[in-house]
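Here is the file structure34.cif (mmCIF, C-alpha atoms).
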```cif
data_start
#
loop_
_atom_site.label_atom_id
_atom_site.label_comp_id
_atom_site.auth_asym_id
_atom_site.auth_seq_id
_atom_site.Cartn_x
_atom_site.Cartn_y
_atom_site.Cartn_z
CA MET A 1 -153.67 180.24 -146.82
CA ASN A 2 -157.30 179.90 -147.87
CA ASN A 3 -158.87 182.89 -149.62
CA SER A 4 -161.60 183.02 -146.99
CA GLU A 5 -158.92 183.91 -144.41
CA PHE A 6 -157.97 187.08 -146.30
CA LYS A 7 -161.63 187.98 -146.76
CA LYS A 8 -162.25 187.72 -142.99
CA ARG A 9 -159.32 190.02 -142.33
CA ARG A 10 -160.56 192.62 -144.78
CA GLN A 11 -164.03 192.47 -143.27
CA GLN A 12 -162.63 192.85 -139.75
CA LEU A 13 -160.61 195.88 -140.82
CA MET A 14 -163.57 197.51 -142.55
CA GLU A 15 -165.71 197.03 -139.45
CA ILE A 16 -163.03 198.85 -137.45
CA MET A 17 -162.84 201.62 -140.05
CA GLY A 18 -166.59 202.19 -140.34
CA GLU A 19 -168.54 203.98 -143.04
CA GLY A 20 -167.23 207.20 -144.52
CA SER A 21 -163.67 205.87 -144.56
CA MET A 22 -161.30 204.11 -146.92
CA ALA A 23 -157.98 202.29 -146.69
CA ILE A 24 -155.15 202.53 -149.21
CA ILE A 25 -152.58 199.73 -149.01
CA PRO A 26 -149.64 199.66 -151.48
CA ALA A 27 -147.73 196.56 -152.47
CA ALA A 28 -144.00 196.47 -151.83
CA PRO A 29 -141.90 198.06 -154.58
CA GLU A 30 -139.39 196.05 -156.58
CA HIS A 31 -135.69 196.74 -155.96
CA ILE A 32 -132.79 196.64 -158.40
CA ARG A 33 -129.95 194.37 -157.31
CA ASN A 34 -127.53 195.47 -160.03
CA CYS A 35 -127.77 196.66 -163.62
CA ASP A 36 -131.28 195.61 -164.76
CA LEU A 37 -131.63 192.63 -162.39
CA HIS A 38 -134.02 192.69 -159.41
CA TYR A 39 -133.73 191.19 -155.97
CA PRO A 40 -136.18 188.30 -155.43
CA TYR A 41 -139.55 189.92 -154.79
CA ARG A 42 -141.15 189.66 -151.38
CA GLN A 43 -144.60 191.15 -150.88
CA ASP A 44 -145.29 193.74 -148.16
CA SER A 45 -146.59 191.89 -145.11
CA HIS A 46 -149.52 194.25 -144.44
CA PHE A 47 -150.58 194.10 -148.09
CA TYR A 48 -150.31 190.30 -148.22
CA TYR A 49 -152.10 189.93 -144.88
CA LEU A 50 -155.19 191.56 -146.39
CA THR A 51 -155.03 190.32 -149.98
CA GLY A 52 -152.89 187.22 -150.43
CA PHE A 53 -151.81 188.87 -153.69
CA PRO A 54 -148.13 188.15 -154.43
CA GLU A 55 -147.38 190.52 -157.30
CA ALA A 56 -145.57 193.85 -157.39
CA GLN A 57 -147.07 197.05 -158.84
CA ALA A 58 -150.38 196.63 -157.03
CA LEU A 59 -152.62 198.68 -154.77
CA ALA A 60 -155.49 197.55 -152.56
CA VAL A 61 -158.30 199.96 -151.69
CA LEU A 62 -161.00 199.15 -149.14
CA VAL A 63 -164.15 201.28 -149.09
CA PRO A 64 -166.72 200.04 -146.55
CA GLN A 65 -170.29 199.95 -147.86
CA ARG A 66 -169.32 200.86 -151.44
CA LYS A 67 -172.21 199.58 -153.56
CA GLN A 68 -170.06 198.49 -156.51
CA GLY A 69 -167.78 196.47 -154.23
CA GLN A 70 -165.81 197.19 -151.07
CA TYR A 71 -162.48 195.64 -152.10
CA ILE A 72 -160.77 197.12 -155.16
CA LEU A 73 -157.47 195.78 -156.44
CA PHE A 74 -155.29 197.69 -158.88
CA CYS A 75 -152.71 195.49 -160.59
CA ARG A 76 -150.81 194.89 -163.81
CA GLU A 77 -152.73 193.71 -166.82
CA ILE A 78 -151.82 190.52 -168.63
CA GLN A 79 -149.17 191.26 -171.26
CA ARG A 80 -147.81 188.19 -173.00
CA ASN A 81 -144.61 189.91 -174.14
CA LYS A 82 -143.80 190.86 -170.54
CA GLU A 83 -144.79 187.47 -169.12
CA THR A 84 -142.33 185.74 -171.43
CA TRP A 85 -139.60 187.36 -169.34
CA GLN A 86 -141.17 187.82 -165.92
CA GLY A 87 -143.71 185.01 -165.52
CA ASN A 88 -147.48 184.87 -165.52
CA ARG A 89 -149.62 187.62 -164.04
CA ALA A 90 -153.05 187.31 -162.49
CA GLY A 91 -154.39 190.23 -164.48
CA LEU A 92 -157.70 191.95 -163.77
CA GLU A 93 -159.72 188.79 -164.20
CA GLY A 94 -157.48 186.80 -161.86
CA ALA A 95 -157.56 189.60 -159.30
CA CYS A 96 -161.29 188.97 -158.94
CA GLU A 97 -161.60 185.24 -159.63
CA ILE A 98 -158.46 184.03 -157.84
CA TYR A 99 -157.83 186.67 -155.20
CA GLY A 100 -161.38 187.73 -154.34
CA ALA A 101 -161.40 191.38 -155.37
CA ASP A 102 -164.87 192.87 -155.87
CA ASP A 103 -163.50 195.09 -158.61
CA ALA A 104 -160.15 195.34 -160.41
CA PHE A 105 -158.50 198.05 -162.50
CA PRO A 106 -155.13 198.49 -164.20
CA ILE A 107 -152.47 199.90 -161.90
CA THR A 108 -151.96 202.66 -164.46
CA ASP A 109 -155.46 203.95 -163.66
CA ILE A 110 -154.89 204.84 -160.01
CA GLU A 111 -154.48 208.55 -160.79
CA ASP A 112 -157.90 208.60 -162.44
CA ILE A 113 -159.80 206.52 -159.89
CA VAL A 114 -158.35 206.75 -156.37
CA PRO A 115 -158.77 210.55 -155.87
CA GLY A 116 -162.42 210.17 -156.86
CA LEU A 117 -162.89 207.48 -154.21
CA MET A 118 -161.26 209.75 -151.63
CA GLU A 119 -163.78 212.53 -152.34
CA SER A 120 -166.56 210.68 -150.61
CA CYS A 121 -164.52 209.82 -147.50
CA ARG A 122 -163.98 211.65 -144.24
CA ARG A 123 -161.16 209.42 -143.09
CA VAL A 124 -158.28 207.74 -144.94
CA TYR A 125 -156.36 204.83 -143.41
CA TYR A 126 -152.86 204.58 -144.82
CA PRO A 127 -149.48 203.10 -143.68
CA MET A 128 -147.53 206.35 -143.85
CA GLY A 129 -143.74 206.25 -143.81
CA TYR A 130 -143.06 202.87 -145.42
CA TYR A 131 -142.66 203.83 -149.07
CA GLN A 132 -141.65 207.44 -149.68
CA GLU A 133 -142.66 207.53 -153.33
CA PHE A 134 -146.19 206.39 -152.57
CA ASP A 135 -146.41 208.66 -149.52
CA ASP A 136 -145.81 211.56 -151.88
CA GLN A 137 -148.52 210.23 -154.18
CA VAL A 138 -151.13 210.13 -151.40
CA VAL A 139 -150.20 213.63 -150.23
CA GLU A 140 -150.53 214.86 -153.82
CA TRP A 141 -154.02 213.38 -154.07
CA MET A 142 -155.01 215.09 -150.82
CA ASN A 143 -153.69 218.42 -152.10
CA GLN A 144 -155.57 217.99 -155.38
CA LEU A 145 -158.83 217.55 -153.49
CA ARG A 146 -158.13 220.54 -151.23
CA GLY A 147 -157.49 222.63 -154.33
CA ARG A 148 -160.99 221.91 -155.57
CA VAL A 149 -162.79 223.29 -152.51
CA ARG A 150 -164.56 225.96 -154.63
CA ASP A 151 -166.04 223.15 -156.73
CA GLY A 152 -167.71 221.82 -153.60
CA VAL A 153 -165.17 219.03 -153.12
CA VAL A 154 -164.48 218.13 -149.48
CA ALA A 155 -161.14 216.45 -148.88
CA PRO A 156 -160.82 213.79 -146.16
CA SER A 157 -160.36 215.46 -142.80
CA GLU A 158 -158.38 212.64 -141.14
CA MET A 159 -155.38 210.52 -142.02
CA VAL A 160 -155.16 207.49 -139.73
CA ALA A 161 -152.11 205.26 -139.29
CA LEU A 162 -153.29 202.01 -140.83
CA ASP A 163 -150.19 200.15 -139.69
CA TYR A 164 -151.19 200.61 -136.03
CA VAL A 165 -154.60 199.02 -136.67
CA LEU A 166 -153.08 196.14 -138.62
CA GLN A 167 -150.41 195.55 -135.98
CA GLU A 168 -153.13 194.91 -133.42
CA MET A 169 -154.98 192.60 -135.78
CA ARG A 170 -151.85 190.65 -136.68
CA LEU A 171 -150.90 190.19 -133.03
CA TYR A 172 -153.73 187.68 -132.49
CA LYS A 173 -153.25 184.61 -134.67
CA THR A 174 -156.10 182.64 -136.16
CA GLU A 175 -156.11 178.85 -136.24
CA ALA A 176 -154.94 178.95 -139.87
CA GLU A 177 -152.05 181.25 -138.98
CA ILE A 178 -151.00 179.07 -136.06
CA GLU A 179 -150.91 176.05 -138.35
CA ALA A 180 -148.80 178.03 -140.84
CA ILE A 181 -146.34 178.95 -138.08
CA ARG A 182 -146.24 175.29 -136.96
CA ALA A 183 -145.40 174.22 -140.50
CA SER A 184 -142.66 176.83 -140.75
CA ALA A 185 -141.25 175.74 -137.38
CA PHE A 186 -141.26 172.08 -138.44
CA VAL A 187 -139.23 172.80 -141.56
CA SER A 188 -136.86 175.04 -139.59
CA MET A 189 -136.23 172.39 -136.94
CA ARG A 190 -135.37 169.90 -139.66
CA ALA A 191 -132.87 172.38 -141.10
CA HIS A 192 -131.27 172.98 -137.69
CA LYS A 193 -130.93 169.22 -137.16
CA ARG A 194 -129.25 168.84 -140.54
CA ALA A 195 -126.70 171.52 -139.65
CA MET A 196 -126.12 170.04 -136.20
CA LEU A 197 -125.33 166.62 -137.67
CA PHE A 198 -123.06 168.11 -140.35
CA CYS A 199 -121.07 170.33 -137.96
CA ARG A 200 -117.40 169.56 -137.33
CA PRO A 201 -114.12 171.44 -136.86
CA GLY A 202 -112.51 172.82 -140.00
CA LEU A 203 -115.71 173.72 -141.83
CA TYR A 204 -116.47 177.29 -142.74
CA GLU A 205 -119.50 178.90 -141.16
CA TYR A 206 -121.09 179.29 -144.59
CA GLU A 207 -120.96 175.50 -145.05
CA LEU A 208 -123.37 175.11 -142.13
CA GLU A 209 -125.48 177.88 -143.63
CA ALA A 210 -125.57 175.92 -146.90
CA GLU A 211 -126.93 172.86 -145.09
CA ILE A 212 -129.70 174.97 -143.59
CA VAL A 213 -130.60 176.65 -146.87
CA HIS A 214 -130.58 173.29 -148.66
CA GLU A 215 -133.08 171.81 -146.22
CA LEU A 216 -135.31 174.86 -146.31
CA MET A 217 -135.39 175.04 -150.10
CA ARG A 218 -136.08 171.34 -150.57
CA SER A 219 -139.06 171.85 -148.24
CA GLY A 220 -140.55 174.61 -150.40
CA CYS A 221 -139.05 177.70 -148.74
CA ARG A 222 -137.59 180.01 -151.35
CA GLU A 223 -136.71 182.57 -148.67
CA THR A 224 -135.35 182.48 -145.15
CA ALA A 225 -137.26 184.60 -142.64
CA PHE A 226 -134.06 186.63 -142.03
CA PRO A 227 -130.38 186.35 -142.95
CA THR A 228 -129.05 183.13 -141.43
CA ILE A 229 -126.58 183.55 -138.56
CA VAL A 230 -123.80 180.98 -138.16
CA ALA A 231 -121.37 182.42 -135.63
CA GLY A 232 -118.48 180.33 -134.35
CA GLY A 233 -116.40 181.21 -131.29
CA LYS A 234 -115.99 184.94 -130.72
CA ASN A 235 -118.40 185.74 -133.58
CA GLY A 236 -121.25 184.49 -131.42
CA GLY A 237 -120.97 187.67 -129.37
CA MET A 238 -122.38 189.74 -132.24
CA CYS A 239 -126.17 189.79 -132.20
CA HIS A 240 -126.66 190.01 -135.96
CA TYR A 241 -123.48 188.49 -137.35
CA THR A 242 -124.19 187.34 -140.93
CA ALA A 243 -120.78 187.27 -142.64
CA ASN A 244 -120.61 183.52 -141.94
CA SER A 245 -117.09 183.47 -143.37
CA ASP A 246 -114.81 182.14 -140.61
CA ILE A 247 -113.54 178.63 -139.92
CA LEU A 248 -115.23 176.63 -137.17
CA ASN A 249 -112.58 175.72 -134.60
CA ASP A 250 -112.25 172.73 -132.33
CA ASP A 251 -113.34 173.24 -128.68
CA GLU A 252 -115.47 176.29 -129.57
CA LEU A 253 -119.22 176.78 -129.72
CA VAL A 254 -121.26 177.83 -132.72
CA VAL A 255 -124.44 179.92 -132.49
CA VAL A 256 -126.91 179.12 -135.27
CA ASP A 257 -129.94 181.41 -135.58
CA ALA A 258 -132.09 180.52 -138.59
CA GLY A 259 -135.68 180.18 -139.67
CA ALA A 260 -137.87 179.41 -142.65
CA GLU A 261 -140.42 181.61 -144.31
CA LEU A 262 -143.17 179.28 -145.48
CA ASP A 263 -146.34 180.62 -147.09
CA HIS A 264 -145.32 184.07 -145.80
CA TYR A 265 -145.07 182.88 -142.15
CA ALA A 266 -141.79 183.00 -140.31
CA SER A 267 -139.89 180.80 -137.95
CA ASP A 268 -137.06 181.96 -135.68
CA ILE A 269 -134.97 179.42 -133.79
CA ALA A 270 -131.50 179.59 -132.27
CA ARG A 271 -129.34 176.79 -130.96
CA THR A 272 -125.77 176.77 -129.68
CA TYR A 273 -123.67 173.62 -129.74
CA PRO A 274 -120.04 172.49 -129.57
CA ILE A 275 -118.35 172.34 -132.96
CA ASN A 276 -116.70 169.03 -132.10
CA GLY A 277 -119.85 167.57 -130.52
CA HIS A 278 -118.74 167.79 -126.87
CA PHE A 279 -119.13 170.68 -124.41
CA THR A 280 -116.11 171.65 -122.33
CA LYS A 281 -116.77 172.02 -118.60
CA PRO A 282 -117.00 175.86 -118.66
CA GLN A 283 -119.21 175.75 -121.77
CA LYS A 284 -121.51 173.24 -120.11
CA ILE A 285 -121.79 175.32 -116.91
CA LEU A 286 -122.78 178.46 -118.80
CA TYR A 287 -125.04 176.63 -121.23
CA GLU A 288 -127.00 174.94 -118.45
CA LEU A 289 -127.30 178.25 -116.63
CA LEU A 290 -128.73 179.95 -119.71
CA LEU A 291 -131.09 177.05 -120.33
CA LYS A 292 -132.29 177.33 -116.73
CA ALA A 293 -132.95 181.04 -117.30
CA GLN A 294 -134.89 180.29 -120.48
CA ARG A 295 -137.04 177.71 -118.70
CA ALA A 296 -137.79 180.20 -115.94
CA ALA A 297 -138.91 182.67 -118.60
CA ILE A 298 -141.09 180.15 -120.44
CA ASN A 299 -142.75 179.15 -117.18
CA LYS A 300 -143.98 182.75 -116.86
CA ILE A 301 -145.73 182.70 -120.22
CA TYR A 302 -149.48 182.41 -119.72
CA PRO A 303 -152.54 184.65 -120.12
CA GLY A 304 -152.69 187.55 -117.68
CA ASN A 305 -148.96 187.83 -117.10
CA GLN A 306 -147.27 190.92 -118.48
CA TRP A 307 -144.76 190.89 -121.32
CA ASN A 308 -141.88 191.81 -118.99
CA GLU A 309 -142.41 189.01 -116.45
CA PRO A 310 -140.62 186.23 -118.39
CA TYR A 311 -137.58 188.48 -118.83
CA GLN A 312 -137.52 189.39 -115.15
CA ALA A 313 -137.72 185.72 -114.16
CA SER A 314 -134.75 184.93 -116.41
CA VAL A 315 -132.76 187.85 -115.01
CA GLU A 316 -133.14 186.56 -111.46
CA VAL A 317 -131.90 183.11 -112.44
CA ILE A 318 -128.97 184.42 -114.48
CA THR A 319 -127.86 186.90 -111.80
CA GLN A 320 -127.82 184.21 -109.11
CA GLY A 321 -125.94 181.90 -111.45
CA PHE A 322 -123.34 184.52 -112.29
CA ILE A 323 -122.76 185.05 -108.57
CA GLU A 324 -122.31 181.32 -107.95
CA ILE A 325 -119.66 180.91 -110.66
CA GLY A 326 -117.87 184.16 -109.82
CA LEU A 327 -118.70 186.27 -112.89
CA LEU A 328 -120.50 188.73 -110.62
CA VAL A 329 -119.43 189.63 -107.10
CA GLY A 330 -121.78 191.18 -104.57
CA LYS A 331 -125.20 190.82 -102.98
CA PHE A 332 -128.03 189.55 -105.17
CA ASP A 333 -130.44 192.44 -104.45
CA VAL A 334 -127.80 195.08 -105.09
CA LEU A 335 -126.64 193.47 -108.32
CA MET A 336 -130.25 193.17 -109.50
CA GLU A 337 -130.91 196.84 -108.75
CA GLU A 338 -127.72 197.85 -110.57
CA GLU A 339 -128.62 195.58 -113.52
CA ALA A 340 -125.11 194.16 -113.29
CA TYR A 341 -126.18 191.13 -115.33
CA LYS A 342 -126.27 193.32 -118.46
CA ARG A 343 -122.52 193.08 -118.73
CA PHE A 344 -122.87 189.45 -119.88
CA TYR A 345 -126.58 188.84 -120.47
CA THR A 346 -129.29 189.81 -122.95
CA GLN A 347 -129.60 193.59 -122.85
CA HIS A 348 -132.74 193.71 -124.98
CA HIS A 349 -135.88 191.98 -123.80
CA ILE A 350 -136.02 188.25 -123.99
CA GLY A 351 -137.91 187.84 -127.25
CA HIS A 352 -140.31 189.31 -129.77
CA TRP A 353 -143.64 188.68 -131.49
CA LEU A 354 -143.58 186.17 -134.33
CA GLY A 355 -145.86 185.81 -137.35
CA MET A 356 -145.59 186.92 -140.96
CA ASP A 357 -142.39 188.69 -139.97
CA ALA A 358 -139.68 187.23 -137.76
CA HIS A 359 -139.99 190.42 -135.72
CA ASP A 360 -143.74 190.70 -136.08
CA PRO A 361 -145.37 194.08 -135.36
CA GLY A 362 -147.27 194.79 -132.18
CA ASN A 363 -146.73 197.05 -129.19
CA TYR A 364 -145.08 195.66 -126.07
CA LYS A 365 -146.60 198.35 -123.88
CA VAL A 366 -150.15 199.70 -123.79
CA ASP A 367 -150.64 203.10 -122.15
CA GLU A 368 -147.05 202.86 -120.83
CA ILE A 369 -147.81 199.56 -119.05
CA TRP A 370 -146.31 196.25 -120.13
CA ARG A 371 -148.83 194.41 -122.28
CA GLU A 372 -150.67 191.43 -120.86
CA LEU A 373 -150.09 188.14 -122.66
CA GLU A 374 -153.23 186.72 -124.27
CA PRO A 375 -154.20 183.48 -126.03
CA ASN A 376 -153.20 183.12 -129.70
CA MET A 377 -150.21 185.44 -129.45
CA VAL A 378 -146.95 183.87 -130.63
CA MET A 379 -143.59 185.00 -129.30
CA THR A 380 -139.98 183.89 -129.14
CA VAL A 381 -137.96 183.36 -125.98
CA GLU A 382 -134.30 184.07 -126.69
CA PRO A 383 -131.93 184.56 -123.78
CA SER A 384 -128.28 184.94 -124.69
CA LEU A 385 -125.00 185.50 -122.92
CA SER A 386 -121.62 186.72 -124.10
CA ILE A 387 -118.41 186.58 -122.12
CA PRO A 388 -115.73 188.91 -123.54
CA VAL A 389 -111.97 188.66 -123.23
CA GLN A 390 -111.19 190.95 -120.28
CA GLU A 391 -108.57 190.91 -117.56
CA ASP A 392 -111.03 190.72 -114.67
CA ILE A 393 -112.67 187.58 -116.09
CA ALA A 394 -111.15 184.12 -115.63
CA GLU A 395 -109.70 182.87 -118.92
CA GLU A 396 -111.82 179.69 -118.87
CA TRP A 397 -114.93 181.82 -119.65
CA TRP A 398 -113.45 183.88 -122.48
CA ASN A 399 -115.31 183.99 -125.79
CA ILE A 400 -118.13 181.73 -124.66
CA ASN A 401 -121.22 183.01 -126.44
CA ILE A 402 -124.56 181.21 -126.20
CA SER A 403 -128.04 181.85 -127.52
CA ILE A 404 -131.10 179.61 -127.13
CA GLU A 405 -134.32 180.60 -128.89
CA ASP A 406 -137.68 178.85 -129.08
CA GLU A 407 -141.10 179.77 -130.41
CA VAL A 408 -143.96 179.82 -127.91
CA LEU A 409 -147.71 179.95 -128.51
CA ILE A 410 -149.79 181.42 -125.69
CA THR A 411 -152.81 179.17 -125.08
CA GLU A 412 -156.00 179.50 -123.04
CA ASN A 413 -154.39 177.80 -120.04
CA GLY A 414 -150.69 178.47 -120.49
CA HIS A 415 -148.33 177.98 -123.40
CA GLU A 416 -147.03 175.53 -125.98
CA VAL A 417 -143.41 175.45 -127.12
CA LEU A 418 -143.71 174.99 -130.88
CA THR A 419 -140.04 174.10 -131.29
CA ALA A 420 -139.78 171.53 -128.51
CA ASP A 421 -138.70 168.74 -130.88
CA LEU A 422 -135.27 170.27 -131.48
CA PRO A 423 -132.43 169.02 -129.22
CA LYS A 424 -131.72 171.56 -126.49
CA THR A 425 -130.21 170.09 -123.34
CA VAL A 426 -126.50 169.29 -123.16
CA ALA A 427 -127.25 165.57 -123.12
CA GLU A 428 -129.67 165.79 -126.05
CA ILE A 429 -127.28 167.82 -128.20
CA GLU A 430 -124.26 165.61 -127.56
CA ALA A 431 -126.24 162.43 -128.17
CA PHE A 432 -127.82 163.80 -131.35
CA MET A 433 -124.51 165.02 -132.78
CA ALA A 434 -123.01 161.61 -132.05
CA GLY A 435 -125.88 159.91 -133.88
CA GLU A 436 -127.02 158.16 -130.71
CA GLU A 437 -130.47 159.76 -130.44
CA VAL A 438 -133.09 160.55 -133.08
CA PHE A 439 -135.55 163.40 -132.60
#
```
Here is a file; write its structure as structure tokens.
Amino acid sequence: MNNSEFKKRRQQLMEIMGEGSMAIIPAAPEHIRNCDLHYPYRQDSHFYYLTGFPEAQALAVLVPQRKQGQYILFCREIQRNKETWQGNRAGLEGACEIYGADDAFPITDIEDIVPGLMESCRRVYYPMGYYQEFDDQVVEWMNQLRGRVRDGVVAPSEMVALDYVLQEMRLYKTEAEIEAIRASAFVSMRAHKRAMLFCRPGLYEYELEAEIVHELMRSGCRETAFPTIVAGGKNGGMCHYTANSDILNDDELVVVDAGAELDHYASDIARTYPINGHFTKPQKILYELLLKAQRAAINKIYPGNQWNEPYQASVEVITQGFIEIGLLVGKFDVLMEEEAYKRFYTQHHIGHWLGMDAHDPGNYKVDEIWRELEPNMVMTVEPSLSIPVQEDIAEEWWNINISIEDEVLITENGHEVLTADLPKTVAEIEAFMAGEEVF
């Protein structure tokens, strides 16, 4: 992502904040995995969105109209003895020259500098509730300033939830962000295809996961956007199954939900396919029904429609389909009113926002009304169904679990499916797994 992109975001935020305010944005803390070893570091999305700075132990402060510079970055200084073990640091000079800070100070100086910056502000924007240790630090600074009231010090009178402001900003993607999401989707589709071609009975679920991770890493993705789900047979009925430890059995389906994180932008795609390459008749019937429901949902994605409309369209299709194959018994209108479809169908809404996070922030309702879809929003469309083993269900449907997820960009005139190049119909999947069709 070009440095000018981060600068535009900071400027937009400071225009929203106005004079007499400041924003304090902490980097994500490091976490110990075991003993003295850390988990791989991943920067806080809000912090990275505004700075592009990848290092831990950092703090960004924005002060609109500050004469000495509006963007201040606190970070670690260059220490060669530390870098021998942990890698190179940007240091104070790099914070300004590489990452565009107007001013940079050692992270160890925040106690001496930040409270002084707060003195001149009426309003402080801060993402409260994310990092307890830093929350306590900000509260302590506020209390210090209040304790100096007899010295003429006036503490900020407002604390504003910065995360809410940033959520709204992040909801609308710029051209650069859309291209980043496209690139992430392209790599993810390639990984899904690799797994689809490799799949066969007798493998362990984690062997498919390994194929996905291999393709992602060779494409420059050191992280997946979320833990990869490879769920064969009955495991496909668990929404967030990540054990990936069972054997893939003949005549069963496997649900694969996986996505890359490339340049801090996520992809989130799910496909379901037969482990042996051929759908059974019941699997095909349910798969084509779910695909029909997904298409009905996608057809409702365009500017002016509300967030809930795609889901409602899919519910109508799935309810009618369940009636036709005997999974639901009764009149359509009554079953819809009773939400009878929830026994087998997606109980949560049909998707989520997508961006720097797989589940990107952003409200789905505004003033208790479903949000209208607008151009440059990116969402997923992910209907799923799960048929349990129960006495009142015909045995042919037991343990059929299916999920189909695509990424959709809302455009000026409608939508674009960013993951359309991944096999999805029954015919496409069977032909691709047999090596008869190249996507």
* A:Ala23, A:Leu59, A:Ala95, A:Met356: which is nearest Asp109 (chain A), counting all atoms listed in the file? ->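 Of the candidates, the smallest distance to Asp109 (chain A) is held by A:Leu59.
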* Structure fact -> With distances taken over only C-alpha atoms, the candidate from A:Cys221, A:Ile32, A:Ile350, A:Met118 nearest Gln312 (chain A) is A:Ile350
* May I have the residues within 8 Å of region 387-395 of chain A as a PyMOL selection string, using only C-alpha atoms and disregarding those fewer than 3 positions away in the same chain? => chain A and resi 237+327+344+398-401
* Could you list the residues chosen by the PyMOL selection byres ((chain A and resi 251-262) around 7) in this structure as a ChimeraX atom specification? => /A:184,187-188,216,221,223-225,228-233,236,249-250,263-276,402-403
* Asked: Distance CA of Ala297 (chain A)-CA of Met377 (chain A), one decimal place?
  ->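 For CA of Ala297 (chain A) relative to CA of Met377 (chain A), the distance reads 15.9 Å.
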Do you have, as CSV, the list of residues of region 260-325 of chain A lying at most 6 Å from region 359-373 of chain A, each with its nearest atom pair and that distance in Å to one decimal, counting only C-alpha atoms and ordered by chain then number?
```
residue,atom,partner,partner_atom,distance
A:Pro303,CA,A:Leu373,CA,5.0
A:Gly304,CA,A:Glu372,CA,5.4
A:Asn305,CA,A:Glu372,CA,5.5
A:Gln306,CA,A:Glu372,CA,4.2
A:Trp307,CA,A:Arg371,CA,5.5
```
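The closest residue to Gln11 (chain A), picked from A:Ile78, A:Leu62, A:Leu291, A:Ala191 and counting all atoms listed in the file, is A:Leu62.
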* Translate the PyMOL selection byres ((chain A and resi 209-213) around 7), as applied to the file shown, into an explicit residue set as number ranges by chain. => A: 191-192, 194-195, 205-208, 214-217, 228, 230
* Structure fact -> Shortest contact to Leu385 (chain A), candidates A:Phe198, A:Tyr287, A:Trp353, A:Phe6, atoms counted all atoms listed in the file, goes to A:Tyr287
* Give me the residues within 10 Å of Lys284 (chain A) as a ChimeraX atom specification, counting only C-alpha atoms and dropping any in the same chain fewer than 5 places off. => /A:273-274,278-279,289-290,425-426
* What does the PyMOL selection byres ((chain A and resi 159-171) around 9) select in this file, as an NGL selection string? -> :A and (9 or 12-13 or 16 or 23-25 or 46 or 49 or 122-128 or 156-158 or 172-173 or 353-356 or 360-363 or 376-378)
* Asked: Between A:Gly129, A:Pro310, A:Gly414, A:Gly18, which is the closest to Gln65 (chain A) once you count all atoms listed in the file?
  ->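 With all atoms listed in the file as the atom set, the closest residue is A:Gly18.
Of note, CA of His352 (chain A) and CA of Trp397 (chain A) are spaced 28.3 Å apart.
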* Straight-line distance linking CA of Ala90 (chain A) with CA of Glu5 (chain A), stated in Å to one decimal ->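 These atoms are spaced 19.3 Å apart.
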* Asked: So, counting only C-alpha atoms, which residue among A:Gln57, A:Gly277, A:Lys234, A:Pro26 is closest to Met196 (chain A)?
  ->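 The answer is A:Gly277, which sits nearest to Met196 (chain A).
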List every protein, DNA or RNA residue with an atom no more than 9 Å from (-163.2, 184.8, -150.4) in the file's coordinates, counting all atoms listed in the file, and format the result as a PDB file with C-alpha atoms, in the coordinates of the input.
```pdb
ATOM      1  CA  ASN A   2    -157.300 179.900-147.870  1.00  0.00           C
ATOM      2  CA  ASN A   3    -158.870 182.890-149.620  1.00  0.00           C
ATOM      3  CA  SER A   4    -161.600 183.020-146.990  1.00  0.00           C
ATOM      4  CA  GLU A   5    -158.920 183.910-144.410  1.00  0.00           C
ATOM      5  CA  PHE A   6    -157.970 187.080-146.300  1.00  0.00           C
ATOM      6  CA  LYS A   7    -161.630 187.980-146.760  1.00  0.00           C
ATOM      7  CA  LYS A   8    -162.250 187.720-142.990  1.00  0.00           C
ATOM      8  CA  ILE A  98    -158.460 184.030-157.840  1.00  0.00           C
ATOM      9  CA  TYR A  99    -157.830 186.670-155.200  1.00  0.00           C
ATOM     10  CA  GLY A 100    -161.380 187.730-154.340  1.00  0.00           C
ATOM     11  CA  ALA A 101    -161.400 191.380-155.370  1.00  0.00           C
TER      12      ALA A 101
END
```
Report the centre and edge lengths, in Å to one decimal, of an axis-aligned box enclosing every atom of region 417-427 of chain A listed in the file, padded by 5 Å on each side, as lines of an AutoDock Vina configuration file.
```
center_x = -135.1
center_y = 170.5
center_z = -127.3
size_x = 27.2
size_y = 19.9
size_z = 18.4
```
* Asked: If we count all atoms listed in the file, what is near Gln86 (chain A) at a cut-off of 12 Å, once residues fewer than 2 positions away on the same chain are taken out, given as an MDAnalysis selection string?
  -> chainID A and resid 37:38 40:41 55:56 78:84 88:89
Starting from the sparse input, extend region 156-160 of chain A to N, CA and C atoms and give the output as an mmCIF file, in the frame of the given file.
```cif
data_model
loop_
_atom_site.group_PDB
_atom_site.id
_atom_site.type_symbol
_atom_site.label_atom_id
_atom_site.label_comp_id
_atom_site.auth_asym_id
_atom_site.auth_seq_id
_atom_site.Cartn_x
_atom_site.Cartn_y
_atom_site.Cartn_z
ATOM 1 N N PRO A 156 -160.792 214.501 -147.445
ATOM 2 C CA PRO A 156 -160.820 213.790 -146.160
ATOM 3 C C PRO A 156 -160.199 214.647 -145.055
ATOM 4 N N SER A 157 -160.822 214.621 -143.903
ATOM 5 C CA SER A 157 -160.360 215.460 -142.800
ATOM 6 C C SER A 157 -159.387 214.742 -141.868
ATOM 7 N N GLU A 158 -159.264 213.408 -142.018
ATOM 8 C CA GLU A 158 -158.380 212.640 -141.140
ATOM 9 C C GLU A 158 -157.523 211.677 -141.946
ATOM 10 N N MET A 159 -156.265 211.578 -141.549
ATOM 11 C CA MET A 159 -155.380 210.520 -142.020
ATOM 12 C C MET A 159 -155.035 209.662 -140.809
ATOM 13 N N VAL A 160 -155.352 208.387 -140.869
ATOM 14 C CA VAL A 160 -155.160 207.490 -139.730
ATOM 15 C C VAL A 160 -154.071 206.477 -140.068
#
```
